[in-house]
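Enquirer: Below is the file coords.txt, with compact mmCIF, C-alpha atoms.
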```
# COMPACT_ATOMS: atom_id res chain seq x y z
CA MET A 17 -25.73 0.11 -3.64
CA ALA A 18 -25.47 -2.72 -1.11
CA ARG A 19 -28.72 -4.19 -2.47
CA LEU A 20 -27.36 -4.19 -6.01
CA GLY A 21 -24.18 -5.84 -4.74
CA GLN A 22 -26.24 -8.57 -3.11
CA LEU A 23 -28.23 -9.06 -6.31
CA GLU A 24 -25.05 -9.30 -8.36
CA ARG A 25 -23.85 -11.99 -6.02
CA THR A 26 -27.09 -13.95 -6.21
CA VAL A 27 -27.16 -13.74 -10.00
CA MET A 28 -23.52 -14.82 -10.17
CA GLU A 29 -24.16 -17.73 -7.83
CA THR A 30 -27.07 -18.82 -10.01
CA LEU A 31 -24.88 -18.66 -13.10
CA TRP A 32 -22.18 -20.68 -11.34
CA ASP A 33 -24.72 -23.35 -10.35
CA LEU A 34 -26.08 -23.49 -13.88
CA ALA A 35 -22.59 -23.59 -15.39
CA ALA A 36 -21.54 -26.35 -12.99
CA ALA A 37 -24.20 -28.58 -14.58
CA ASP A 38 -23.23 -27.64 -18.12
CA PRO A 39 -19.94 -25.71 -18.43
CA ALA A 40 -20.23 -25.03 -22.15
CA ALA A 41 -23.78 -23.62 -22.06
CA THR A 42 -24.83 -19.98 -22.09
CA PHE A 43 -27.79 -18.63 -20.14
CA THR A 44 -30.47 -16.02 -20.59
CA VAL A 45 -32.34 -13.80 -18.14
CA ARG A 46 -35.09 -16.42 -18.24
CA ASP A 47 -32.71 -19.07 -16.88
CA VAL A 48 -31.61 -16.86 -13.99
CA ALA A 49 -35.04 -15.47 -13.08
CA PRO A 50 -36.39 -18.47 -11.09
CA THR A 51 -33.83 -17.85 -8.29
CA LEU A 52 -34.94 -14.21 -8.04
CA PRO A 53 -38.74 -14.40 -7.99
CA ASP A 54 -39.09 -10.93 -6.40
CA HIS A 55 -37.29 -9.12 -9.19
CA ALA A 56 -38.36 -8.00 -12.63
CA TYR A 57 -36.60 -9.27 -15.75
CA THR A 58 -35.32 -5.77 -16.42
CA THR A 59 -33.63 -5.68 -13.02
CA ILE A 60 -31.92 -8.99 -13.68
CA HIS A 61 -30.93 -7.72 -17.11
CA THR A 62 -29.39 -4.64 -15.54
CA VAL A 63 -27.48 -6.74 -13.02
CA LEU A 64 -26.13 -9.00 -15.78
CA HIS A 65 -25.16 -5.91 -17.74
CA ARG A 66 -23.23 -4.60 -14.74
CA LEU A 67 -21.53 -7.96 -14.23
CA ALA A 68 -20.51 -7.93 -17.90
CA GLY A 69 -19.09 -4.44 -17.38
CA LYS A 70 -16.99 -5.71 -14.52
CA GLY A 71 -15.77 -8.60 -16.62
CA PHE A 72 -17.39 -11.34 -14.56
CA VAL A 73 -19.70 -12.57 -17.33
CA VAL A 74 -19.39 -12.70 -21.10
CA ARG A 75 -22.35 -11.46 -23.08
CA ILE A 76 -23.19 -13.11 -26.38
CA ARG A 77 -25.85 -11.57 -28.55
CA ASP A 78 -28.09 -13.94 -30.42
CA GLY A 79 -30.68 -12.04 -32.39
CA LYS A 80 -32.87 -10.25 -29.89
CA THR A 81 -31.80 -12.18 -26.79
CA HIS A 82 -28.61 -11.89 -24.82
CA HIS A 83 -26.85 -14.99 -23.60
CA TYR A 84 -24.49 -14.92 -20.65
CA ARG A 85 -21.70 -17.13 -19.41
CA PRO A 86 -19.57 -16.63 -16.26
CA THR A 87 -15.93 -15.89 -17.12
CA GLY A 88 -14.60 -17.94 -14.23
CA THR A 89 -15.66 -20.32 -11.51
CA ARG A 90 -16.04 -19.18 -7.94
CA GLU A 91 -12.84 -21.09 -7.11
CA SER A 92 -10.92 -19.29 -9.82
CA TYR A 93 -11.91 -15.92 -8.35
CA VAL A 94 -10.88 -17.00 -4.84
CA THR A 95 -7.59 -18.21 -6.30
CA GLU A 96 -7.12 -14.90 -8.10
CA LEU A 97 -7.66 -12.99 -4.84
CA MET A 98 -5.31 -15.28 -2.94
CA GLN A 99 -2.64 -15.09 -5.63
CA GLU A 100 -2.58 -11.34 -5.31
CA ALA A 101 -2.60 -11.65 -1.53
CA LEU A 102 0.29 -14.10 -1.52
CA ALA A 103 2.35 -12.54 -4.31
CA THR A 104 5.90 -11.91 -3.17
CA THR A 105 6.73 -9.24 -5.75
CA SER A 106 6.13 -5.72 -4.58
CA ASP A 107 4.49 -4.81 -7.89
CA SER A 108 1.23 -6.68 -7.68
CA ASP A 109 0.52 -6.06 -4.02
CA ALA A 110 0.33 -2.30 -4.32
CA ALA A 111 -3.42 -2.32 -3.79
CA LEU A 112 -3.25 -4.22 -0.52
CA VAL A 113 -1.77 -3.82 2.93
CA HIS A 114 -0.75 -7.27 4.17
CA PHE A 115 -0.47 -8.52 7.71
CA VAL A 116 2.80 -10.24 6.86
CA LYS A 117 4.41 -11.73 3.78
CA THR A 118 5.67 -15.27 3.52
CA VAL A 119 9.41 -15.39 4.22
CA PRO A 120 12.14 -17.33 2.35
CA PRO A 121 12.91 -20.84 3.69
CA ASN A 122 16.08 -19.90 5.58
CA GLN A 123 14.15 -17.27 7.54
CA ALA A 124 11.18 -19.60 7.98
CA ARG A 125 13.36 -22.08 9.83
CA ILE A 126 14.48 -19.58 12.44
CA LEU A 127 11.03 -18.06 12.81
CA ARG A 128 9.69 -21.55 13.48
CA GLU A 129 12.30 -21.98 16.18
CA VAL A 130 11.27 -18.66 17.71
CA LEU A 131 7.65 -19.75 17.47
CA SER A 132 8.26 -23.06 19.24
CA ARG A 133 10.11 -21.23 22.01
CA LEU A 134 7.24 -18.77 22.35
CA GLU A 135 4.76 -21.64 22.50
CA GLY A 136 6.83 -23.57 25.04
CA GLY A 137 7.03 -23.02 28.78
CA SER A 138 8.40 -19.52 28.31
CA ARG A 139 5.20 -18.30 26.70
CA ASP A 140 4.87 -15.38 29.05
CA LYS A 141 8.49 -14.76 29.90
CA PRO A 142 9.61 -12.92 26.74
CA THR A 143 6.86 -10.37 27.04
CA PRO A 144 8.16 -7.34 28.90
CA MET B 30 16.52 33.70 -8.86
CA ILE B 31 17.68 33.90 -5.25
CA ALA B 32 14.54 32.02 -4.45
CA ALA B 33 15.46 29.26 -6.87
CA ALA B 34 18.98 29.00 -5.41
CA LEU B 35 17.61 28.94 -1.87
CA LEU B 36 15.07 26.29 -2.82
CA LEU B 37 17.83 24.20 -4.37
CA ALA B 38 19.72 24.52 -1.08
CA VAL B 39 16.57 23.41 0.74
CA ILE B 40 16.29 20.33 -1.48
CA VAL B 41 19.93 19.41 -0.78
CA LEU B 42 19.35 20.11 2.94
CA LEU B 43 16.35 17.78 2.89
CA VAL B 44 17.72 14.93 0.82
CA TRP B 45 21.16 14.61 2.37
CA PRO B 46 20.25 14.28 6.08
CA THR B 47 17.29 12.13 5.10
CA ARG B 48 19.59 9.61 3.42
CA VAL B 49 22.01 9.64 6.34
CA LEU B 50 19.69 9.86 9.34
CA LEU B 51 16.26 8.64 8.31
CA MET B 52 16.59 6.00 5.60
CA GLY B 53 16.66 2.50 7.06
CA ALA B 54 17.32 3.94 10.51
CA ARG B 55 16.41 1.75 13.46
CA TRP B 56 15.65 4.66 15.79
CA THR B 57 12.46 5.24 13.80
CA TRP B 58 11.19 1.87 15.08
CA LEU B 59 10.83 3.40 18.52
CA ALA B 60 8.13 5.78 17.40
CA PRO B 61 6.83 4.52 14.04
CA ARG B 62 3.85 6.84 13.86
CA ALA B 63 5.92 9.97 14.37
CA ALA B 64 8.51 8.67 11.93
CA VAL B 65 5.83 8.18 9.27
CA ALA B 66 4.77 11.81 9.84
CA LEU B 67 8.39 12.85 9.38
CA TRP B 68 8.61 10.92 6.09
CA GLN B 69 5.43 12.59 4.91
CA ALA B 70 6.81 16.00 5.85
CA VAL B 71 10.04 15.30 3.95
CA ALA B 72 8.06 14.16 0.90
CA VAL B 73 5.75 17.20 0.93
CA ALA B 74 8.58 19.67 1.54
CA THR B 75 10.82 18.18 -1.17
CA GLY B 76 7.94 18.12 -3.64
CA THR B 77 6.98 21.72 -2.82
CA ALA B 78 10.60 22.88 -3.10
CA ILE B 79 11.13 21.16 -6.47
CA ILE B 80 7.90 22.48 -7.98
CA THR B 81 8.30 26.07 -6.72
CA MET B 82 11.94 26.03 -7.81
CA MET B 83 10.95 25.09 -11.34
CA PHE B 84 8.38 27.85 -11.48
CA GLU B 85 10.84 30.35 -10.01
CA LEU B 86 13.41 29.37 -12.64
CA ALA B 87 10.94 29.66 -15.48
CA SER B 88 9.51 32.98 -14.34
CA THR B 89 12.84 34.66 -13.46
CA THR B 90 14.71 33.62 -16.59
CA SER B 91 11.99 34.99 -18.80
CA ALA B 92 11.71 38.18 -16.73
CA VAL B 93 15.40 39.14 -16.89
CA PRO B 94 15.78 42.35 -18.94
CA ASP B 95 17.78 42.04 -22.19
CA HIS B 96 20.63 44.39 -21.25
CA ARG B 97 21.47 42.31 -18.21
CA ARG B 98 22.85 39.61 -20.44
CA ASN B 99 25.82 41.72 -21.54
CA VAL B 100 26.80 42.91 -18.10
CA THR B 101 29.92 41.14 -16.86
CA ASP B 102 28.98 41.05 -13.23
CA LEU B 103 30.72 38.33 -11.28
CA THR B 104 28.60 38.39 -8.16
CA ALA B 105 26.86 35.16 -7.45
CA LYS B 106 23.49 36.72 -7.95
CA ALA B 107 24.24 37.79 -11.50
CA ILE B 108 25.84 34.51 -12.43
CA VAL B 109 22.86 32.60 -11.25
CA SER B 110 20.38 34.94 -12.85
CA ARG B 111 22.12 35.18 -16.21
CA PRO B 112 19.98 33.33 -18.70
CA ILE B 113 21.56 30.44 -20.57
CA GLY B 114 22.37 31.39 -24.17
CA SER B 115 19.96 33.60 -26.02
CA SER B 116 16.30 34.33 -25.50
CA HIS B 117 15.69 30.74 -26.53
CA GLY B 118 17.05 29.91 -23.08
CA HIS B 119 13.92 31.21 -21.38
CA PHE B 120 11.78 29.22 -23.69
CA PHE B 121 13.78 26.04 -23.18
CA SER B 122 13.89 26.31 -19.40
CA LEU B 123 10.17 26.90 -19.32
CA VAL B 124 9.45 24.01 -21.68
CA ALA B 125 11.87 21.71 -19.84
CA GLY B 126 10.23 22.61 -16.53
CA LEU B 127 6.79 22.00 -17.90
CA ILE B 128 7.81 18.68 -19.46
CA VAL B 129 9.33 17.45 -16.20
CA ALA B 130 6.29 18.58 -14.22
CA THR B 131 3.92 16.94 -16.71
CA LEU B 132 5.89 13.67 -16.70
CA VAL B 133 5.97 13.44 -12.91
CA ILE B 134 2.33 14.43 -12.41
CA GLY B 135 1.24 12.25 -15.35
CA ALA B 136 3.12 9.22 -14.01
CA LEU B 137 1.61 9.77 -10.57
CA LEU B 138 -1.88 10.01 -12.06
CA VAL B 139 -1.46 6.93 -14.25
CA HIS B 140 -0.14 4.81 -11.42
CA GLY B 141 -2.62 6.23 -8.93
CA ILE B 142 -5.50 5.34 -11.24
CA GLY B 143 -3.96 1.89 -11.79
CA LEU B 144 -3.87 1.32 -8.04
CA ILE B 145 -7.43 2.52 -7.58
CA ARG B 146 -8.58 0.21 -10.39
CA ALA B 147 -6.74 -2.75 -8.88
CA ARG B 148 -8.40 -2.02 -5.55
CA ALA B 149 -11.84 -1.73 -7.15
CA HIS B 150 -11.28 -5.09 -8.86
CA GLN B 151 -10.32 -6.67 -5.54
CA GLN B 152 -13.42 -5.21 -3.92
CA ALA B 153 -15.66 -6.46 -6.74
CA LEU B 154 -14.21 -9.95 -6.45
CA LEU B 155 -14.70 -9.87 -2.67
CA ASP B 156 -18.34 -8.84 -3.21
CA LEU B 157 -18.83 -12.01 -5.23
CA VAL B 158 -16.84 -14.65 -3.35
CA GLY B 159 -16.15 -13.23 0.11
CA GLU B 160 -18.03 -14.86 2.98
CA GLU B 161 -19.31 -13.26 6.12
CA SER B 162 -18.05 -14.70 9.33
CA THR B 163 -20.09 -14.78 12.52
CA ALA B 164 -16.92 -14.98 14.60
CA ILE B 165 -15.34 -11.92 12.95
CA PRO B 166 -18.16 -9.56 11.95
CA ASP B 167 -15.91 -6.84 10.52
CA ALA B 168 -13.84 -9.10 8.25
CA VAL B 169 -14.45 -10.91 4.97
CA LEU B 170 -13.59 -14.58 4.95
CA LEU B 171 -12.03 -16.27 1.91
CA GLY B 172 -12.42 -20.02 1.69
CA HIS B 173 -8.85 -21.00 0.84
CA PRO B 174 -6.44 -23.36 2.62
CA ARG B 175 -3.44 -21.00 2.51
CA ALA B 176 -2.96 -18.39 5.19
CA ALA B 177 -3.44 -14.74 4.27
CA ALA B 178 -4.66 -11.61 6.04
CA TYR B 179 -4.76 -8.17 4.48
CA THR B 180 -6.62 -4.91 4.16
CA VAL B 181 -8.10 -3.53 0.96
CA GLY B 182 -8.62 0.22 0.93
CA GLY B 183 -11.27 2.09 -0.98
CA ARG B 184 -14.59 3.68 -0.24
CA ARG B 185 -15.51 0.60 1.75
CA PRO B 186 -12.21 -0.57 3.23
CA ARG B 187 -12.22 -4.18 4.34
CA ILE B 188 -10.21 -6.68 6.30
CA VAL B 189 -9.79 -9.99 4.48
CA VAL B 190 -8.81 -13.20 6.25
CA SER B 191 -8.47 -16.61 4.59
CA SER B 192 -9.92 -19.67 6.24
CA GLY B 193 -6.39 -21.10 6.14
CA ALA B 194 -5.28 -18.27 8.41
CA VAL B 195 -8.20 -18.76 10.80
CA ASP B 196 -7.35 -22.49 11.03
CA ALA B 197 -3.62 -21.93 11.52
CA LEU B 198 -3.80 -19.24 14.20
CA ALA B 199 -4.58 -19.69 17.88
CA ASP B 200 -7.44 -17.52 19.18
CA ASP B 201 -5.23 -14.86 20.74
CA GLU B 202 -3.04 -14.80 17.61
CA LEU B 203 -6.05 -14.24 15.37
CA ALA B 204 -7.15 -11.46 17.71
CA ALA B 205 -3.71 -9.87 17.33
CA VAL B 206 -3.87 -10.12 13.52
CA LEU B 207 -7.31 -8.49 13.53
CA ALA B 208 -6.21 -5.76 15.95
CA HIS B 209 -3.28 -5.06 13.61
CA GLU B 210 -5.53 -4.88 10.54
CA ARG B 211 -8.10 -2.72 12.34
CA ALA B 212 -5.30 -0.32 13.21
CA HIS B 213 -4.46 -0.08 9.48
CA LEU B 214 -8.08 0.71 8.65
CA ARG B 215 -8.53 3.18 11.48
CA ALA B 216 -5.38 5.14 10.59
CA HIS B 217 -6.03 4.93 6.80
CA HIS B 218 -2.60 3.41 6.30
CA ASP B 219 -3.45 2.50 2.72
CA LEU B 220 -3.78 6.21 1.96
CA VAL B 221 -0.51 6.97 3.77
CA LEU B 222 1.27 4.41 1.65
CA LEU B 223 -0.47 5.30 -1.63
CA PRO B 224 1.62 8.35 -2.66
CA PHE B 225 4.88 6.57 -1.84
CA ARG B 226 3.82 3.52 -3.83
CA CYS B 227 2.70 5.71 -6.73
CA LEU B 228 6.10 7.43 -6.76
CA THR B 229 7.87 4.08 -6.66
CA SER B 230 5.85 2.61 -9.50
CA ALA B 231 6.16 5.83 -11.49
CA LEU B 232 9.97 5.72 -11.16
CA PRO B 233 10.68 1.99 -10.77
CA ARG B 234 14.41 2.38 -11.44
CA SER B 235 14.99 4.58 -8.41
CA ARG B 236 16.42 2.42 -5.62
CA ALA B 237 16.22 5.37 -3.24
CA LEU B 238 12.48 5.75 -3.77
CA ALA B 239 11.95 2.00 -3.39
CA GLY B 240 13.89 2.19 -0.14
CA VAL B 241 11.77 5.07 1.11
CA SER B 242 8.57 3.22 0.21
CA ASN B 243 9.81 0.10 2.02
CA ASP B 244 10.75 2.14 5.07
CA VAL B 245 7.34 3.80 5.25
CA HIS B 246 5.68 0.41 4.75
CA ALA B 247 7.70 -1.13 7.59
CA LEU B 248 6.87 1.82 9.83
CA ILE B 249 3.11 1.61 9.29
CA GLU B 250 3.29 -2.14 9.97
CA MET B 251 5.10 -1.36 13.22
CA ALA B 252 2.55 1.31 14.12
CA ALA B 253 -0.22 -1.26 13.61
CA ASP B 254 1.85 -3.80 15.59
CA ASP B 255 2.04 -1.38 18.51
CA ARG B 256 -1.72 -1.21 18.66
CA ALA B 257 -2.04 -4.99 18.47
CA ILE B 258 0.55 -5.33 21.28
CA ARG B 259 -1.42 -2.92 23.48
CA GLN B 260 -4.64 -4.84 22.88
CA CYS B 261 -3.48 -8.46 22.72
CA GLY B 262 0.03 -8.60 24.17
CA SER B 263 3.40 -8.86 22.48
CA GLY B 264 3.59 -12.65 22.78
CA ALA B 265 0.39 -13.19 20.80
CA LEU B 266 1.51 -10.76 18.10
CA ALA B 267 5.00 -12.27 17.78
CA ARG B 268 3.52 -15.75 17.49
CA ALA B 269 0.97 -14.52 14.94
CA ILE B 270 3.70 -12.95 12.78
CA CYS B 271 5.91 -16.06 12.97
CA ARG B 272 3.02 -18.35 12.14
CA MET B 273 1.58 -16.30 9.28
CA ALA B 274 5.03 -15.88 7.73
CA THR B 275 5.94 -19.56 7.87
CA THR B 276 2.70 -21.56 7.59
CA ASP B 277 2.89 -21.96 3.82
CA VAL B 278 6.66 -22.41 3.61
CA PRO B 279 7.51 -26.11 3.17
CA ALA B 280 9.20 -27.46 6.30
CA SER B 281 11.53 -29.75 4.38
CA SER B 282 13.35 -26.85 2.73
CA ASP B 283 17.06 -27.16 3.38
CA GLY B 284 18.11 -23.54 3.29
CA ALA B 285 20.74 -22.87 5.94
CA ALA B 286 19.29 -21.32 9.07
CA VAL B 287 20.48 -17.80 9.75
CA GLY B 288 20.62 -15.79 12.93
CA THR B 289 21.28 -17.06 16.44
CA PRO B 290 18.21 -18.65 17.96
CA GLY B 291 20.09 -19.57 21.13
CA SER B 292 19.99 -16.10 22.63
CA TRP B 293 16.83 -14.50 23.93
CA PRO B 294 15.48 -12.17 22.63
CA PRO B 295 16.67 -13.78 19.39
CA VAL B 296 19.04 -12.02 17.00
CA LEU B 297 17.43 -12.39 13.59
CA PRO B 298 18.57 -11.55 10.06
CA ALA B 299 17.35 -8.17 8.88
CA SER B 300 14.02 -8.17 7.05
CA MET B 301 10.72 -6.48 7.61
CA VAL B 302 9.21 -9.64 9.12
CA THR B 303 12.06 -10.49 11.43
CA SER B 304 12.50 -6.94 12.60
CA ARG B 305 8.82 -6.85 13.55
CA VAL B 306 9.22 -10.07 15.55
CA GLU B 307 12.35 -8.77 17.24
CA ARG B 308 10.64 -5.51 17.99
CA ALA B 309 7.64 -7.23 19.57
CA LEU B 310 9.89 -9.32 21.81
CA ARG B 311 12.22 -6.60 23.02
CA PRO B 312 11.35 -4.40 25.97
CA ARG B 313 10.23 -0.96 24.87
CA ARG B 314 12.70 1.84 25.34
CA ASN B 315 12.33 5.61 25.55
CA MET B 316 9.83 6.10 22.76
CA ARG B 317 8.93 9.61 23.76
CA MET B 318 12.32 11.05 22.75
CA ALA B 319 12.06 9.55 19.27
CA ALA B 320 8.46 10.70 18.90
CA VAL B 321 9.11 14.28 19.98
CA GLY B 322 12.29 14.40 17.86
CA SER B 323 10.42 13.19 14.78
CA GLY B 324 7.54 15.58 15.38
CA VAL B 325 9.76 18.64 15.80
CA SER B 326 11.86 17.67 12.75
CA ALA B 327 8.69 17.17 10.72
CA LEU B 328 7.54 20.72 11.52
CA CYS B 329 10.97 22.19 10.72
CA VAL B 330 11.12 20.25 7.46
CA LEU B 331 7.68 21.49 6.42
CA ALA B 332 8.65 25.08 7.19
CA LEU B 333 11.89 24.96 5.14
CA PRO B 334 10.63 25.68 1.62
CA PHE B 335 8.38 28.48 2.86
CA LEU B 336 11.23 30.04 4.85
CA ALA B 337 13.36 29.93 1.71
CA LEU B 338 10.67 31.73 -0.26
CA ILE B 339 10.15 34.36 2.45
CA ALA B 340 13.92 34.90 2.76
CA SER B 341 14.26 35.41 -0.98
CA VAL B 342 11.41 37.91 -1.06
CA GLY B 343 13.04 39.80 1.82
CA GLY B 344 16.40 39.78 0.03
CA ARG B 345 15.10 41.29 -3.19
```
Show me, as C-alpha cells, the structure contained in the file I just sent.
Expert:
Amino acid sequence: MARLGQLERTVMETLWDLAAADPAATFTVRDVAPTLPDHAYTTIHTVLHRLAGKGFVVRIRDGKTHHYRPTGTRESYVTELMQEALATTSDSDAALVHFVKTVPPNQARILREVLSRLEGGSRDKPTP
Amino acid sequence: MIAAALLLAVIVLLVWPTRVLLMGARWTWLAPRAAVALWQAVAVATGTAIITMMFELASTTSAVPDHRRNVTDLTAKAIVSRPIGSSHGHFFSLVAGLIVATLVIGALLVHGIGLIRARAHQQALLDLVGEESTAIPDAVLLGHPRAAAYTVGGRRPRIVVSSGAVDALADDELAAVLAHERAHLRAHHDLVLLPFRCLTSALPRSRALAGVSNDVHALIEMAADDRAIRQCGSGALARAICRMATTDVPASSDGAAVGTPGSWPPVLPASMVTSRVERALRPRRNMRMAAVGSGVSALCVLALPFLALIASVGGR
C-alpha cells in the first residue's frame, strides 16, 4: 500500500515535470517509464489507472494507446488543501480538525495585543 | 404504550436540562474531557429513547385489540393507548415512524459517507504533495506561505502543518501546536466529532444541533489544549493560538478593537479562539468537581432510557 502510494507520487511528479515543459501535451506510459527503471510498463499503467480513478490525471484514449495529462499542477493541489484548511465556513471543514481558525479583524487586533504582552517582559508571569 | 409515554418523558428530561445547564455552559471548560463524555451520553440516550419510542408506538398501536377502541375509559393509560382513528391509524403511525427513521438514518449515512470521501480526498492529495519534515517526523509539511495546522482523520490519521506556520511560530509555540494536534490524534477526536457533524449537516436548519456541535468542538479543542499546556506550558500555547489566529489577518484592518486588553488576564469577546486563550491564561480551578459531576451525570443519562423501559415492563 505504502509502496503503491510512493509510486503514484513518483509517477505524478514525472507527469508534472513533463507538463511543466509542455503544458498542452499528453503523455504515455513510455514517457513516464524512464524515471521508473525498476518497474514494468504494466505496473506504471496500473498506477496511472489508479491516479485517473482518483481524478489526478485525465486519460485520453487514442487507438490502442492511452495518453495521460495531470489535471492540476502541484501548486494547485497545495492551494486546494490550504483552501480547505483555511476555509472559515463550517461546511467545508467537516473533514478536518484545525488547530485554530483565523479570527475576524476586530478580534485579531486584541489577540495581537495579548500576544505582544505575552512576548514582552511578562512572558512567564501570566502562567499560573 | 406506558413505555412510549415514559420514553417521551425521558426525552423531555434529557433535552430540557441539557439546553439550560449544558449548552454553551462555561463550567464545562473546567473539565472538557468529562463534558465531552456527557455530551456523548446525552446524544446516545436521546437517540435510543427516540428510536425505542417510535418502535413502542408502532408495535403497541397495532397490537391494541379492536374492542378497546369503543371503551370510554378516561384513565391516562387508555387515552394514550387509544389508537388514532380507525385501523388505518396503526398503519400510518408505523409508516410515519419508519419514514422518520429512514430519513434520519439515511441523512446520517449520506453525510457520513460524504465526510469520509472528503477525508480520503484530503489524504490522497497529501500523499501527492505533502512533504516529510526531518524536524517533525510525525507531521506532513505543506509548502505554502499561509499558516495552517490541522489533523486529518482516517485509517492513517495525520498531522498537517504548513511551512507558513513553521516560519511564523517560535520553537516552543510549534511544540505546543504539535502537542495539541497529537492529543487530537491520540484521543481520536475526529471520530468524537464525526457523529455530531453528521447530525448538523443532515439537519442544517437546526440551530440547536449546530450549537451542540460547536460546543463539542470547543470542548475537544480545550481537551487538546490541556495536554499541550501540560507538555509545553500555558504561555507557549496561548502565544501559539494568538499567532496562528492572527498571522494571516491584515494588520491594517480598521475594525474597532473589542474587549479590555488593559486588565490581566485579559477579558476577551466570546468566541472559540478567545475563550481558549483566556482559558490558557487563567489559573486552573477545581476541575475535579466538574469532572466527577459530568461523569456521574453521563452515567445517569445513559441509564435513563433503559430505566424507563424496565419501569414500563414492571408496570404492565
Enquirer: Suppose you want the space between atom CA of Ala60 of chain B and atom CA of Thr275 of chain B; what is it in Å?
Expert: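 Atom-to-atom, atom CA of Ala60 of chain B and atom CA of Thr275 of chain B are spaced 27.2 Å apart.
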Enquirer: What's the separation between atom CA of Leu37 of chain B and atom CA of Leu336 of chain B, in Å to one decimal place?
Expert: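 Rounded to one decimal, the two atoms are 12.8 Å apart.
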Enquirer: List the neighbours of segment 39-41 of chain A out to 9 Å using only C-alpha atoms; skip same-chain residues closer than 5 positions along the sequence, and give me the result as number ranges by chain.
Expert: A: 32, 34, 84-85
Enquirer: Ranking B:Thr163, B:Thr131, B:Gln151, B:Gln260 by minimum distance to chain A and counting all atoms listed in the file, which one comes first?
Expert: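 Going through B:Thr163, B:Thr131, B:Gln151, B:Gln260 one by one, the smallest distance to chain A is for B:Gln151.
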Enquirer: Pick from B:Leu144, B:Val158, B:Leu43, B:Thr57: nearest to Glu29 of chain A, with only C-alpha atoms counted?
Expert: B:Val158
